$ cat upload-v5.cif   # mmCIF, C-alpha atoms
data_input
loop_
_atom_site.label_atom_id
_atom_site.label_comp_id
_atom_site.auth_asym_id
_atom_site.auth_seq_id
_atom_site.Cartn_x
_atom_site.Cartn_y
_atom_site.Cartn_z
CA MET A 248 -25.31 -8.24 -19.07
CA ASN A 249 -28.16 -10.60 -19.72
CA ALA A 250 -29.68 -9.16 -22.89
CA GLY A 251 -32.67 -11.46 -22.68
CA ARG A 252 -34.14 -9.71 -19.66
CA PRO A 253 -36.17 -6.55 -20.34
CA GLU A 254 -35.45 -5.04 -16.94
CA ALA A 255 -31.71 -5.49 -17.45
CA GLN A 256 -31.93 -3.76 -20.82
CA ALA A 257 -33.89 -0.86 -19.38
CA VAL A 258 -31.37 -0.17 -16.65
CA ALA A 259 -28.37 -0.69 -18.92
CA ARG A 260 -29.57 2.14 -21.17
CA ALA A 261 -28.58 4.49 -18.33
CA ALA A 262 -24.94 4.04 -19.35
CA GLU A 263 -22.76 7.13 -18.98
CA PRO A 264 -19.52 8.18 -20.68
CA ARG A 265 -16.61 6.08 -19.51
CA ALA A 266 -14.04 8.83 -19.03
CA PRO A 267 -11.96 8.22 -15.89
CA ILE A 268 -12.81 9.77 -12.55
CA GLU A 269 -10.08 12.15 -11.40
CA ALA A 270 -10.06 12.71 -7.64
CA CYS A 271 -7.36 14.69 -5.88
CA PHE A 272 -7.95 15.79 -2.28
CA GLU A 273 -6.04 17.03 0.74
CA VAL A 274 -7.76 16.79 4.11
CA ASP A 275 -6.34 18.16 7.36
CA TYR A 276 -7.90 17.33 10.70
CA ALA A 277 -6.35 17.43 14.15
CA GLY A 278 -4.22 14.29 14.25
CA PHE A 279 -5.24 13.11 10.77
CA ARG A 280 -4.17 13.98 7.25
CA LEU A 281 -5.54 12.49 4.02
CA GLN A 282 -3.77 12.88 0.71
CA ALA A 283 -5.26 11.19 -2.34
CA ASP A 284 -4.49 11.66 -6.02
CA LEU A 285 -6.42 9.07 -8.00
CA ALA A 286 -7.43 8.27 -11.57
CA LEU A 287 -10.27 5.76 -11.28
CA PRO A 288 -12.10 3.75 -13.97
CA GLY A 289 -15.23 5.29 -15.41
CA ARG A 290 -17.03 1.96 -15.25
CA GLY A 291 -17.31 -0.97 -12.84
CA VAL A 292 -16.85 -1.06 -9.07
CA THR A 293 -13.92 0.63 -7.36
CA ALA A 294 -13.46 -0.47 -3.75
CA LEU A 295 -12.01 1.98 -1.24
CA PHE A 296 -10.51 -0.55 1.15
CA GLY A 297 -8.56 -0.31 4.37
CA PRO A 298 -8.79 -0.48 8.15
CA SER A 299 -11.05 1.75 10.21
CA GLY A 300 -9.68 5.28 10.36
CA SER A 301 -7.76 5.01 7.09
CA GLY A 302 -9.76 7.77 5.39
CA LYS A 303 -12.18 5.77 3.21
CA THR A 304 -15.38 7.53 4.26
CA THR A 305 -13.71 10.94 4.37
CA LEU A 306 -12.62 10.49 0.76
CA LEU A 307 -16.10 9.32 -0.27
CA ARG A 308 -17.76 12.29 1.42
CA ALA A 309 -15.36 14.66 -0.32
CA ILE A 310 -16.27 13.10 -3.67
CA ALA A 311 -19.96 13.46 -2.81
CA GLY A 312 -19.44 17.12 -1.89
CA LEU A 313 -20.76 16.47 1.62
CA GLU A 314 -17.48 17.84 2.95
CA HIS A 315 -15.49 20.57 1.22
CA HIS A 316 -11.76 19.90 1.31
CA ARG A 317 -9.01 21.22 -0.91
CA GLY A 318 -8.95 19.36 -4.18
CA ARG A 319 -10.12 18.66 -7.67
CA LEU A 320 -12.78 16.25 -8.94
CA VAL A 321 -13.69 15.44 -12.54
CA VAL A 322 -16.40 12.87 -13.33
CA GLY A 323 -17.23 11.84 -16.88
CA GLY A 324 -15.31 14.83 -18.22
CA ASP A 325 -17.25 17.34 -16.07
CA CYS A 326 -15.43 19.27 -13.35
CA TRP A 327 -17.33 19.17 -10.06
CA GLN A 328 -14.59 20.75 -7.99
CA ASP A 329 -11.41 22.67 -8.66
CA ASP A 330 -10.42 24.97 -5.83
CA ALA A 331 -7.63 26.48 -7.92
CA ARG A 332 -10.33 27.86 -10.27
CA GLY A 333 -12.97 28.50 -7.63
CA ILE A 334 -15.24 25.67 -8.79
CA PHE A 335 -17.37 23.73 -6.32
CA VAL A 336 -20.60 22.06 -7.44
CA PRO A 337 -22.80 21.47 -4.37
CA THR A 338 -23.96 17.97 -3.52
CA HIS A 339 -27.54 18.45 -4.71
CA LYS A 340 -26.28 19.47 -8.16
CA ARG A 341 -23.90 16.51 -8.54
CA SER A 342 -25.40 13.60 -10.42
CA ILE A 343 -24.72 11.07 -7.67
CA GLY A 344 -26.59 8.40 -5.77
CA VAL A 345 -25.44 7.69 -2.22
CA VAL A 346 -26.14 4.66 -0.01
CA PHE A 347 -24.95 4.82 3.60
CA GLN A 348 -24.63 2.16 6.33
CA GLU A 349 -28.16 3.02 7.45
CA ALA A 350 -30.84 3.04 4.78
CA SER A 351 -32.32 6.35 6.04
CA LEU A 352 -35.75 5.67 4.56
CA PHE A 353 -38.77 7.82 5.35
CA GLU A 354 -40.51 5.73 7.98
CA HIS A 355 -43.96 7.26 7.38
CA LEU A 356 -43.90 6.44 3.66
CA THR A 357 -44.34 3.14 1.86
CA VAL A 358 -41.50 1.66 -0.15
CA ARG A 359 -43.18 2.89 -3.33
CA ALA A 360 -43.40 6.42 -1.96
CA ASN A 361 -39.75 6.31 -0.85
CA LEU A 362 -38.76 5.32 -4.37
CA ASP A 363 -40.96 8.02 -5.88
CA PHE A 364 -39.20 10.57 -3.69
CA GLY A 365 -35.90 9.68 -5.34
CA ARG A 366 -37.40 9.67 -8.82
CA ARG A 367 -39.16 13.05 -8.40
CA ARG A 368 -35.79 14.72 -7.85
CA ILE A 369 -35.11 14.26 -11.56
CA ALA A 370 -37.06 15.93 -14.35
CA ALA A 371 -38.95 13.40 -16.47
CA ALA A 372 -36.92 14.22 -19.58
CA GLU A 373 -33.65 13.53 -17.71
CA ARG A 374 -34.57 10.19 -16.14
CA ARG A 375 -32.30 7.42 -17.34
CA VAL A 376 -33.39 4.62 -14.99
CA ASP A 377 -36.87 3.13 -15.28
CA PHE A 378 -38.89 2.61 -12.07
CA ASP A 379 -39.89 -0.96 -12.88
CA ALA A 380 -36.35 -1.80 -13.94
CA ALA A 381 -34.85 -0.58 -10.66
CA VAL A 382 -37.49 -2.47 -8.67
CA ALA A 383 -36.82 -5.68 -10.62
CA LEU A 384 -33.06 -5.29 -10.38
CA MET A 385 -33.17 -5.14 -6.58
CA GLY A 386 -35.97 -7.71 -6.22
CA ILE A 387 -38.30 -5.49 -4.18
CA GLY A 388 -41.54 -5.67 -6.18
CA HIS A 389 -43.32 -7.54 -3.36
CA LEU A 390 -42.31 -4.86 -0.84
CA LEU A 391 -43.74 -1.76 -2.56
CA GLU A 392 -46.75 -1.30 -0.27
CA ARG A 393 -44.89 -1.99 2.98
CA LYS A 394 -43.49 0.65 5.27
CA PRO A 395 -39.84 0.49 6.39
CA ALA A 396 -40.74 -0.81 9.86
CA ARG A 397 -41.88 -4.06 8.22
CA LEU A 398 -38.62 -4.60 6.31
CA SER A 399 -35.54 -6.58 7.30
CA GLY A 400 -32.17 -4.85 7.32
CA GLY A 401 -31.26 -6.37 3.98
CA GLU A 402 -34.58 -5.34 2.44
CA ARG A 403 -34.14 -1.77 3.68
CA GLN A 404 -30.74 -1.56 2.02
CA ARG A 405 -32.09 -2.94 -1.25
CA VAL A 406 -34.77 -0.24 -1.19
CA ALA A 407 -32.10 2.38 -0.46
CA VAL A 408 -30.06 1.22 -3.47
CA ALA A 409 -33.13 1.31 -5.73
CA ARG A 410 -33.96 4.81 -4.51
CA ALA A 411 -30.41 5.96 -5.27
CA LEU A 412 -30.66 4.45 -8.77
CA LEU A 413 -33.89 6.31 -9.45
CA THR A 414 -32.06 9.62 -9.11
CA SER A 415 -30.42 8.59 -12.44
CA PRO A 416 -26.90 9.13 -11.10
CA ARG A 417 -23.73 9.30 -13.12
CA LEU A 418 -21.84 7.96 -10.11
CA LEU A 419 -23.07 5.64 -7.34
CA LEU A 420 -21.40 5.92 -3.92
CA MET A 421 -21.79 3.22 -1.26
CA ASP A 422 -20.40 3.76 2.24
CA GLU A 423 -20.14 0.33 3.89
CA PRO A 424 -23.75 -0.55 3.01
CA LEU A 425 -23.48 -3.99 4.66
CA ALA A 426 -21.66 -2.97 7.84
CA ALA A 427 -24.82 -2.78 9.95
CA LEU A 428 -26.11 -6.19 8.81
CA ASP A 429 -25.53 -9.61 10.33
CA GLN A 430 -24.01 -12.38 8.26
CA ALA A 431 -27.37 -13.79 7.18
CA ARG A 432 -28.54 -10.40 5.88
CA LYS A 433 -25.19 -9.84 4.15
CA ARG A 434 -25.60 -13.13 2.31
CA GLU A 435 -29.10 -12.01 1.34
CA ILE A 436 -28.08 -8.70 -0.22
CA LEU A 437 -24.71 -9.54 -1.82
CA PRO A 438 -26.27 -11.32 -4.84
CA TYR A 439 -28.30 -8.18 -5.56
CA LEU A 440 -25.18 -6.01 -5.44
CA GLU A 441 -23.47 -8.49 -7.77
CA ARG A 442 -26.44 -8.25 -10.11
CA LEU A 443 -26.22 -4.46 -9.97
CA HIS A 444 -22.55 -4.73 -10.91
CA ALA A 445 -23.22 -7.13 -13.78
CA GLU A 446 -26.21 -5.38 -15.34
CA LEU A 447 -25.77 -1.66 -14.76
CA ASP A 448 -23.14 0.24 -16.74
CA LEU A 449 -22.54 2.78 -14.00
CA PRO A 450 -19.33 3.58 -12.09
CA MET A 451 -19.53 2.80 -8.38
CA LEU A 452 -17.28 3.64 -5.45
CA TYR A 453 -17.72 1.10 -2.67
CA VAL A 454 -16.25 1.72 0.80
CA SER A 455 -15.49 -1.40 2.82
CA HIS A 456 -13.07 -2.94 5.28
CA ALA A 457 -14.43 -6.45 4.59
CA PRO A 458 -12.15 -8.47 2.27
CA ASP A 459 -14.95 -10.86 1.25
CA GLU A 460 -17.13 -8.01 -0.05
CA VAL A 461 -14.24 -6.52 -2.01
CA ALA A 462 -13.34 -9.90 -3.52
CA ARG A 463 -16.91 -10.48 -4.69
CA LEU A 464 -17.77 -7.05 -6.01
CA ALA A 465 -14.76 -4.96 -6.99
CA ASP A 466 -13.00 -4.51 -10.31
CA HIS A 467 -10.53 -1.90 -9.10
CA LEU A 468 -8.97 -1.61 -5.64
CA VAL A 469 -7.79 1.50 -3.80
CA LEU A 470 -5.95 0.53 -0.62
CA LEU A 471 -5.83 3.24 2.05
CA ASP A 472 -3.90 3.32 5.30
CA ALA A 473 -3.61 6.22 7.74
CA GLY A 474 -4.77 8.74 5.15
CA ARG A 475 -2.36 7.55 2.48
CA VAL A 476 -3.10 5.75 -0.80
CA VAL A 477 -0.94 2.64 -0.53
CA ALA A 478 -2.02 1.20 -3.88
CA SER A 479 -4.55 1.69 -6.66
CA GLY A 480 -5.07 -0.71 -9.53
CA PRO A 481 -7.08 -3.59 -11.02
CA LEU A 482 -8.30 -5.93 -8.29
CA ALA A 483 -6.57 -9.12 -9.49
CA GLU A 484 -3.21 -7.44 -9.97
CA THR A 485 -3.32 -5.45 -6.73
CA MET A 486 -4.31 -8.42 -4.57
CA ALA A 487 -1.33 -10.35 -5.96
CA ARG A 488 1.23 -7.72 -4.95
CA LEU A 489 3.67 -9.00 -2.35
CA ASP A 490 4.61 -5.52 -1.12
CA LEU A 491 1.14 -4.71 0.25
CA PRO A 492 -0.32 -5.52 3.69
CA THR A 493 -3.05 -7.59 2.02
CA ALA A 494 -0.46 -10.26 1.18
CA GLN A 495 0.17 -10.83 4.90
CA ALA A 496 -3.48 -11.37 5.82
CA GLU A 497 -4.68 -14.80 6.93
CA ASP A 498 -6.96 -15.03 3.89
CA ALA A 499 -4.45 -13.55 1.43
CA GLY A 500 -5.03 -14.72 -2.12
CA VAL A 501 -6.07 -13.72 -5.60
CA VAL A 502 -9.33 -13.25 -7.45
CA ILE A 503 -9.75 -14.78 -10.90
CA ASP A 504 -12.48 -14.01 -13.40
CA GLY A 505 -13.24 -17.10 -15.47
CA ARG A 506 -15.81 -18.51 -17.86
CA VAL A 507 -17.74 -21.76 -17.62
CA LEU A 508 -16.28 -24.29 -20.02
CA ALA A 509 -18.25 -27.45 -19.21
CA HIS A 510 -20.32 -29.22 -16.56
CA ASP A 511 -19.93 -32.82 -15.44
CA PRO A 512 -23.32 -33.92 -14.05
CA HIS A 513 -21.97 -37.29 -12.93
CA TYR A 514 -19.41 -35.81 -10.54
CA GLY A 515 -21.17 -32.50 -9.96
CA LEU A 516 -18.20 -30.46 -11.16
CA VAL A 517 -18.08 -27.38 -13.36
CA THR A 518 -14.94 -26.55 -15.33
CA ILE A 519 -14.01 -22.87 -15.33
CA ALA A 520 -11.40 -21.59 -17.77
CA PHE A 521 -9.20 -18.53 -17.33
CA PRO A 522 -6.05 -17.23 -19.04
CA GLY A 523 -3.39 -19.80 -18.23
CA GLY A 524 -5.53 -22.79 -17.34
CA SER A 525 -8.75 -24.09 -15.85
CA VAL A 526 -10.10 -25.50 -12.59
CA GLN A 527 -12.90 -27.85 -11.63
CA VAL A 528 -15.21 -26.73 -8.85
CA ALA A 529 -18.09 -28.50 -7.12
CA HIS A 530 -21.09 -26.60 -8.43
CA GLY A 531 -24.39 -27.07 -10.19
CA ALA A 532 -24.92 -26.75 -13.92
CA GLU A 533 -24.13 -23.37 -15.45
CA PRO A 534 -24.47 -22.27 -19.08
CA ALA A 535 -21.25 -22.40 -21.09
CA GLY A 536 -19.59 -19.01 -21.27
CA ARG A 537 -21.08 -17.64 -18.08
CA ARG A 538 -18.69 -15.44 -16.11
CA LEU A 539 -17.83 -16.72 -12.64
CA ARG A 540 -15.41 -15.23 -10.11
CA LEU A 541 -13.05 -17.42 -8.13
CA GLN A 542 -10.85 -16.85 -5.12
CA VAL A 543 -7.68 -18.87 -4.56
CA ARG A 544 -5.97 -18.32 -1.23
CA ALA A 545 -2.21 -18.49 -0.91
CA ARG A 546 -2.43 -21.13 1.80
CA ASP A 547 -4.33 -23.41 -0.60
CA VAL A 548 -1.61 -23.47 -3.25
CA SER A 549 1.17 -26.06 -3.06
CA LEU A 550 4.01 -26.35 -5.55
CA ALA A 551 5.67 -29.21 -7.42
CA LEU A 552 8.35 -29.44 -10.08
CA THR A 553 6.43 -32.05 -12.07
CA PRO A 554 2.69 -32.60 -12.57
CA GLN A 555 1.41 -34.85 -9.79
CA THR A 556 -1.27 -37.16 -11.16
CA ASP A 557 -1.41 -39.74 -8.36
CA GLY A 558 -2.98 -37.54 -5.68
CA SER A 559 -6.38 -36.17 -4.76
CA ILE A 560 -5.72 -32.59 -5.89
CA LEU A 561 -7.61 -32.11 -9.16
CA ASN A 562 -6.53 -28.62 -10.10
CA ARG A 563 -3.01 -28.09 -11.41
CA VAL A 564 -1.72 -25.27 -13.59
CA ALA A 565 1.70 -24.58 -15.02
CA ALA A 566 3.28 -21.44 -13.62
CA VAL A 567 6.53 -19.54 -13.22
CA VAL A 568 7.87 -18.12 -9.96
CA VAL A 569 7.97 -14.32 -10.32
CA ALA A 570 8.92 -12.96 -6.89
CA GLU A 571 9.34 -13.84 -3.21
CA ALA A 572 8.60 -12.02 0.03
CA PRO A 573 8.69 -12.91 3.75
CA ALA A 574 5.44 -14.26 5.19
CA ASP A 575 3.89 -13.47 8.56
CA THR A 576 5.93 -16.20 10.27
CA PRO A 577 9.67 -16.90 9.98
CA ALA A 578 8.96 -20.48 8.84
CA HIS A 579 7.11 -19.41 5.68
CA VAL A 580 7.58 -17.40 2.51
CA LEU A 581 5.17 -15.94 -0.01
CA LEU A 582 5.71 -16.57 -3.69
CA ARG A 583 4.04 -14.77 -6.54
CA LEU A 584 3.44 -16.94 -9.60
CA ASP A 585 2.50 -16.21 -13.19
CA ALA A 586 0.17 -18.86 -14.59
CA GLY A 587 -0.03 -17.87 -18.25
CA GLY A 588 -0.94 -14.29 -17.41
CA THR A 589 -3.01 -15.06 -14.31
CA PRO A 590 -1.28 -14.14 -11.04
CA LEU A 591 -1.30 -16.60 -8.12
CA LEU A 592 0.10 -16.48 -4.60
CA ALA A 593 1.55 -19.46 -2.73
CA ARG A 594 2.41 -19.58 0.97
CA ILE A 595 4.91 -22.37 1.59
CA THR A 596 7.60 -23.19 4.14
CA ARG A 597 11.12 -21.94 3.64
CA LEU A 598 12.21 -25.57 3.86
CA SER A 599 10.03 -26.48 0.86
CA ARG A 600 11.37 -23.50 -1.07
CA ASP A 601 14.95 -24.61 -0.44
CA GLN A 602 14.31 -28.29 -1.15
CA LEU A 603 12.66 -27.43 -4.49
CA GLN A 604 15.28 -24.73 -5.18
CA LEU A 605 12.57 -22.22 -5.99
CA ALA A 606 13.58 -18.79 -7.22
CA PRO A 607 12.27 -16.25 -9.72
CA GLY A 608 12.18 -17.79 -13.18
CA ARG A 609 11.70 -21.38 -11.95
CA GLU A 610 8.92 -23.29 -13.70
CA VAL A 611 6.55 -25.10 -11.34
CA TRP A 612 3.15 -26.73 -11.14
CA ALA A 613 0.72 -24.91 -8.87
CA GLN A 614 -1.55 -27.42 -7.14
CA ILE A 615 -4.72 -25.70 -6.00
CA LYS A 616 -6.20 -27.53 -3.02
CA ALA A 617 -9.35 -25.38 -2.67
CA VAL A 618 -11.19 -22.84 -4.81
CA ALA A 619 -13.88 -20.51 -3.47
CA LEU A 620 -16.60 -19.70 -5.99
CA LEU A 621 -17.59 -16.09 -5.37
CA ALA A 622 -20.10 -15.32 -8.12
#

$ encode --input "upload-v5.cif" --output "structure tokens"
Amino acid sequence: MNAGRPEAQAVARAAEPRAPIEACFEVDYAGFRLQADLALPGRGVTALFGPSGSGKTTLLRAIAGLEHHRGRLVVGGDCWQDDARGIFVPTHKRSIGVVFQEASLFEHLTVRANLDFGRRRIAAAERRVDFDAAVALMGIGHLLERKPARLSGGERQRVAVARALLTSPRLLLMDEPLAALDQARKREILPYLERLHAELDLPMLYVSHAPDEVARLADHLVLLDAGRVVASGPLAETMARLDLPTAQAEDAGVVIDGRVLAHDPHYGLVTIAFPGGSVQVAHGAEPAGRRLRLQVRARDVSLALTPQTDGSILNRVAAVVVAEAPADTPAHVLLRLDAGGTPLLARITRLSRDQLQLAPGREVWAQIKAVALLA
């Protein structure tokens, strides 16, 4: 959090207890069954991720109380549902903010009036999010006197998020908020969602089937498939698991949270350090210590037994082979590496594996050909 910004401070004071979220539900539809038993972090962004029809939105709606299915839900130590004890807190009494794919703004009201509608739901003594702070956080101050018809899709969603914040929620739920936007509008709104993540100490559940959104925003990942929880854990660790379908995707890779170490103005490179090493990335000047998120794809990692200093690849880190799994083609394998505590994935040919005699426990140098700077 940037403590030097008044609006950031005002929103951050809305922090809630950080007890875990306990969500256990059973859903039975004709031809579909969802079973989920989850203990989720009480802070940060948890992504509910998986293909269409996997149960992401059904689970989110159950947590919101919009659908009543068998289960139990505890948020911040308070029980909102326990069918075994006959407890079910209705949606309007749950301290939640919800943002759907469509902004669902009141078309006859200005942006200011839409925001006031959300704020008026909460008694003045119970408001934990300041109006001006929410407006500043989502960058919508210049839109307050417009009506929704004069807003772009990205602007509408930013207003919807601000309205949800002004209900002073203890839990923020987002159901594919970018799904209805084109790529340009997605690029417009993602920095605001990142800012929300960085500056607001509020647990969020974020439904998505877009890997790029999850990589940029999430701290914790719940992977769903056909109504079943395939995995649940910290984002970096879960994305590095070889036994999950995500490892077989074309853009399979890991996410690394690092800190700016230095900037080289002559070459236009910033050095970002993380446990186990550092990388240089083409980027403008950033203050030392700033948190930046990186993505390293498995296809962009090559391996060597000795440090190669006579090539064009700048980024090399010492690592140890941890595990191996088949890749999506018979010519390749996937290797999981441990680079001083930071997991990496490498997708190489079976021939290279055999020539280098790679196996779990072998020390290697991971040569990172490309790094995507996410935030």

$ resolve_selection --input "upload-v5.cif" --expression "the PyMOL selection byres ((chain A and resi 382-395) around 8)" --output "list in words"
Glu254, Ala255, Leu352, Phe353, Glu354, His355, Leu356, Thr357, Val358, Arg359, Phe378, Asp379, Ala380, Ala381, Ala396, Arg397, Leu398, Glu402, Arg403, Arg405, Val406, Val408, Ala409, Tyr439, Arg442 and Leu443 of chain A

$ closest_residue --input "upload-v5.cif" --among "A:Glu435, A:Pro492, A:Leu287, A:Asp275" --to "Gly480 in chain A" --atoms "all atoms listed in the file"
A:Leu287

$ closest_atom_pairs --input "upload-v5.cif" --of "range 267-328 of chain A" --to "range 461-474 of chain A" --cutoff "6 Å" --atoms "all atoms listed in the file" --output "Markdown table"
| residue | atom | partner | partner_atom | distance |
| --- | --- | --- | --- | --- |
| A:Arg280 | CA | A:Gly474 | CA | 5.7 |
| A:Leu281 | CA | A:Gly474 | CA | 4.0 |
| A:Val292 | CA | A:Ala465 | CA | 4.9 |
| A:Thr293 | CA | A:His467 | CA | 4.6 |
| A:Ala294 | CA | A:Leu468 | CA | 5.0 |
| A:Leu295 | CA | A:Val469 | CA | 5.0 |
| A:Phe296 | CA | A:Leu470 | CA | 5.0 |
| A:Gly297 | CA | A:Leu471 | CA | 5.0 |
| A:Ser301 | CA | A:Ala473 | CA | 4.4 |
| A:Gly302 | CA | A:Gly474 | CA | 5.1 |

$ residues_around --input "upload-v5.cif" --residues "Gly324 in chain A" --least-positions-apart "3" --cutoff "10 Å" --atoms "all atoms listed in the file" --output "short mmCIF file (atom, residue, chain, number, x, y, z; two decimals) with C-alpha atoms, in the frame of the given file"
data_model
loop_
_atom_site.label_atom_id
_atom_site.label_comp_id
_atom_site.auth_asym_id
_atom_site.auth_seq_id
_atom_site.Cartn_x
_atom_site.Cartn_y
_atom_site.Cartn_z
CA PRO A 264 -19.52 8.18 -20.68
CA ARG A 265 -16.61 6.08 -19.51
CA ALA A 266 -14.04 8.83 -19.03
CA PRO A 267 -11.96 8.22 -15.89
CA ILE A 268 -12.81 9.77 -12.55
CA GLU A 269 -10.08 12.15 -11.40
CA GLY A 289 -15.23 5.29 -15.41
CA LEU A 320 -12.78 16.25 -8.94
CA VAL A 321 -13.69 15.44 -12.54
CA TRP A 327 -17.33 19.17 -10.06
#

$ closest_residue --input "upload-v5.cif" --among "A:Leu362, A:Val611, A:Ala331, A:Ala545" --to "Val567 in chain A" --atoms "all atoms listed in the file"
A:Val611

$ atom_distance --input "upload-v5.cif" --atom1 "CA of Cys271 in chain A" --atom2 "CA of Leu440 in chain A"
27.3 Å

$ residues_near_point --input "upload-v5.cif" --point "(-26.0, 4.6, 4.3)" --cutoff "10 Å" --atoms "all atoms listed in the file" --output "list in words"
Val345, Val346, Phe347, Gln348, Glu349, Ala350, Ser351, Leu352, Gln404, Ala407, Val408, Leu420, Met421, Asp422, Glu423, Pro424, Leu425, Ala426 and Ala427 of chain A

$ residues_near_point --input "upload-v5.cif" --point "(-8.8, 17.5, 4.6)" --cutoff "10 Å" --atoms "all atoms listed in the file" --output "MDAnalysis selection string"
chainID A and resid 272:277 279:282 302 305:306 309 314:318 474

$ resolve_selection --input "upload-v5.cif" --expression "the PyMOL selection byres ((chain A and resi 568) around 8)" --output "ChimeraX atom specification"
/A:566-567,569-570,582-585,605-611

$ write_last_selection --input "upload-v5.cif" --atoms "C-alpha atoms" --output "CSV table (one decimal), in the frame of the given file"
chain,number,residue,atom,x,y,z
A,566,ALA,CA,3.3,-21.4,-13.6
A,567,VAL,CA,6.5,-19.5,-13.2
A,569,VAL,CA,8.0,-14.3,-10.3
A,570,ALA,CA,8.9,-13.0,-6.9
A,582,LEU,CA,5.7,-16.6,-3.7
A,583,ARG,CA,4.0,-14.8,-6.5
A,584,LEU,CA,3.4,-16.9,-9.6
A,585,ASP,CA,2.5,-16.2,-13.2
A,605,LEU,CA,12.6,-22.2,-6.0
A,606,ALA,CA,13.6,-18.8,-7.2
A,607,PRO,CA,12.3,-16.2,-9.7
A,608,GLY,CA,12.2,-17.8,-13.2
A,609,ARG,CA,11.7,-21.4,-12.0
A,610,GLU,CA,8.9,-23.3,-13.7
A,611,VAL,CA,6.6,-25.1,-11.3

$ resolve_selection --input "upload-v5.cif" --expression "the PyMOL selection byres ((chain A and resi 572) around 10)" --output "PyMOL selection string"
chain A and resi 488-490+494-495+570-571+573-575+579-583+594

$ residues_around --input "upload-v5.cif" --residues "range 500-512 of chain A" --least-positions-apart "4" --cutoff "10 Å" --atoms "only C-alpha atoms" --output "count of residues only"
58

$ atom_distance --input "upload-v5.cif" --atom1 "CA of Gly588 in chain A" --atom2 "CA of Leu550 in chain A"
17.6 Å

$ atom_distance --input "upload-v5.cif" --atom1 "CA of Ile334 in chain A" --atom2 "CA of Ala283 in chain A"
18.7 Å

$ residues_around --input "upload-v5.cif" --residues "Arg563 in chain A" --least-positions-apart "5" --cutoff "7 Å" --atoms "only C-alpha atoms" --output "mmCIF file with C-alpha atoms, in the coordinates of the input"
data_model
loop_
_atom_site.group_PDB
_atom_site.id
_atom_site.type_symbol
_atom_site.label_atom_id
_atom_site.label_comp_id
_atom_site.auth_asym_id
_atom_site.auth_seq_id
_atom_site.Cartn_x
_atom_site.Cartn_y
_atom_site.Cartn_z
ATOM 1 C CA TRP A 612 3.150 -26.730 -11.140
ATOM 2 C CA ALA A 613 0.720 -24.910 -8.870
ATOM 3 C CA GLN A 614 -1.550 -27.420 -7.140
ATOM 4 C CA ILE A 615 -4.720 -25.700 -6.000
#

$ closest_residue --input "upload-v5.cif" --among "A:Gly587, A:Pro577, A:Gly300, A:Gly278" --to "Ala565 in chain A" --atoms "all atoms listed in the file"
A:Gly587

$ residues_around --input "upload-v5.cif" --residues "Leu419 in chain A" --least-positions-apart "6" --cutoff "7 Å" --atoms "all atoms listed in the file" --output "list in words"
Ile343, Gly344, Val345, Pro450, Met451 and Leu452 of chain A
